[in-house]
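Contents: one structure, followed by commentary.
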Amino acid sequence: MTQEVNIVHTPRAVERLVGGQFVMDGAGVRINRVLTRSLQRRLDPFLMLDAFGSDKPGDYIAGFPEHPHRGFETISYMIAGSMRHRDSAGNEGLITDGGVQWMTAGRGVAHSEMPEQSDGMMEGFQLWLNLPAKDKMTAPWYRDIPNSEIPRFTTGVGVTVQVIAGASHGVPGAVQREGTEPLYLDVALPANASFDQVLAPGHNAFLYVFRGQVLVGDKPVPAGRMAILANSAQADGVRIMAAQDSRLILIAGRPLNEAIAQYGPFVMNTQAEVFQAVEDFRAGRFGA
């Protein structure tokens with residue numbers, strides 16, 4: 001599918017670059033935590049972004065054994081490799097190369113994410129998306145989206161865009177969310193190509209480059225860096241130019257502007273709600 005480029009008249013600038021920090025999570029998986037808790041207010045409604053990528057089995061083979069979540073959504077995007085999901089609501093699925101797993105934890109679910117390979121490349125992202133206060137105790141929901149079901153298009157200059165959430169150039173994504181209006185794009189640009197994406201003025205936005213290097217305005221953004229895009233009432237989107245063959249994810253959403261109370265995998269609006277989440281989990285109430 002080919003789409004005409006939508007021109008952005010006043011593009012956003014880069015506010016700052018973030019390198020993230022390498023941490024061990026799950027049962028010993030090495031990840032780059034790009035969006036940390038210190039950025040949750042600035043990038044509301046997004047709570048966390050982890051990037052992982054290694055061809056060393058020791059970096060990922062232990063996976064993420066069963067653990068709980070309440071109050072938000074997780075979006076796992078597998079660039080390469082295979083990961084098996086099982087949860088206490090009875091859902092099970094396998095995400096493979098290019099697939100997405102979208103899970104709404106809502107009032108509570110315990111799940112595991114385990115690699116189903118013992119060698120080769122394992123690469124991908126996990127994004128945490130907050131839920132509005134009114135939806136935090138909704139029923140858990142889960143969907144596996146194979147790569148073949150992710151809408152995509154190619155611009156006239158050869159930029160290929162996969163639309164995981166939201167919409168781009170008139171192409172609706174695989175998932176829509178009314179409360180946070182997330183945009184989640186995987187954008188592959190050939191060298192010297194440019195791509196414009198319209199963004200709502202009030203939405204927080206960032207991009208993470210995982211191949212090559214791009215320019216946003218006059219700011220170089222190399223692979224392994226997140227660029228937080230400046231908010232501006234005058235700006236109507238972002239313009240990205242590829243310095244070489246490049247690939248990135250572009251993410252934006254409507255801020256909730258609500259209190260955030262977090263204790264590990266529980267994200268609520270008050271400490272009392274967090275204490276209740278811990279008590280409910282210990283009592284075995286995170287189930288179907």
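Please note that chains go A, B, ... in the order of the structure tokens, that every chain numbers its residues from 1, and that ligands are numbered from 1 in the order shown.
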
Selection near range 115-129 of chain A, 10 Å with only C-alpha atoms, sequence-local residues under 4 positions removed, as a ChimeraX atom specification: /A:31-35,44-64,71-85,94-104,180,182,184,210,249,251,253

Which of range 124-279 of chain A DSSP labels strand (DSSP E or B), written as a VMD selection string: chain A and resid 124 to 130 141 to 145 152 to 155 160 to 165 167 to 168 171 to 172 175 183 to 189 194 to 198 204 to 211 213 to 216 219 to 222 225 to 229 237 to 242 246 to 253 261 to 263 266 to 268

Rounded to one decimal in Å, what is the spacing between CA of Glu181 in chain A and CA of Arg254 in chain A?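 Value for the CA of Glu181 in chain A-CA of Arg254 in chain A distance: 5.7 Å.
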
Smallest atom-to-atom distance to Asn204 in chain A: which of A:Ala230, A:Val187, A:Ala235, A:Val161, using only C-alpha atoms?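 Between A:Ala230, A:Val187, A:Ala235, A:Val161, the residue approaching Asn204 in chain A most closely is A:Ala230.
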
Tell me which of A:Ala227, A:Leu189, A:Ala133, A:Val109 sits closest to Thr155 in chain A, counting only C-alpha atoms.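 Using only C-alpha atoms, the shortest distance to Thr155 in chain A belongs to A:Leu189.
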
Could you pull the residues within 6 Å of range 268-274 of chain A, counting only C-alpha atoms, minus those fewer than 5 positions along the same chain, as a VMD selection string? chain A and resid 71 259 to 261

Name all residues at most 10 Å from Ser232 in chain A (count only C-alpha atoms; drop same-chain ones fewer than 2 positions away) and give them as a PDB file with C-alpha atoms, in the first residue's frame.
ATOM      1  CA  THR A  10       5.939  23.289  12.019  1.00  0.00           C
ATOM      2  CA  PRO A  11       7.897  20.270  13.288  1.00  0.00           C
ATOM      3  CA  ARG A  12       8.769  19.623  16.913  1.00  0.00           C
ATOM      4  CA  ALA A  13      12.389  19.926  18.030  1.00  0.00           C
ATOM      5  CA  ALA A 200      -1.604  16.379  18.421  1.00  0.00           C
ATOM      6  CA  PRO A 201      -0.139  19.504  20.093  1.00  0.00           C
ATOM      7  CA  GLY A 202      -1.008  18.366  23.628  1.00  0.00           C
ATOM      8  CA  HIS A 203       0.360  14.840  23.280  1.00  0.00           C
ATOM      9  CA  LEU A 229      10.193  15.653  21.377  1.00  0.00           C
ATOM     10  CA  ALA A 230       9.529  19.138  22.703  1.00  0.00           C
ATOM     11  CA  GLN A 234       2.564  25.802  17.450  1.00  0.00           C
ATOM     12  CA  ALA A 235       4.116  22.487  16.328  1.00  0.00           C
ATOM     13  CA  ASP A 236       1.911  20.114  14.351  1.00  0.00           C
ATOM     14  CA  GLY A 237       4.151  17.043  14.158  1.00  0.00           C
TER      15      GLY A 237
END

Just the number, please: distance in Å from CA of Ser194 in chain A to CA of Gly170 in chain A, one decimal.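 Between these atoms lies a distance of 17.8 Å.
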
Long-range neighbours of Arg285 in chain A as a list in words, 12 Å cut-off, only C-alpha atoms, 5 positions minimum in chain: Pro68, His69, Arg70, Ser88, Ala89, Arg107, Gly108, Val109, Ala110, Gln276, Ala277, Val278, Glu279 and Asp280 of chain A

Across A:Pro132, A:Pro255, A:Gly179, A:Pro222, the smallest distance to Val267 in chain A, with only C-alpha atoms counted, is shown by A:Pro132
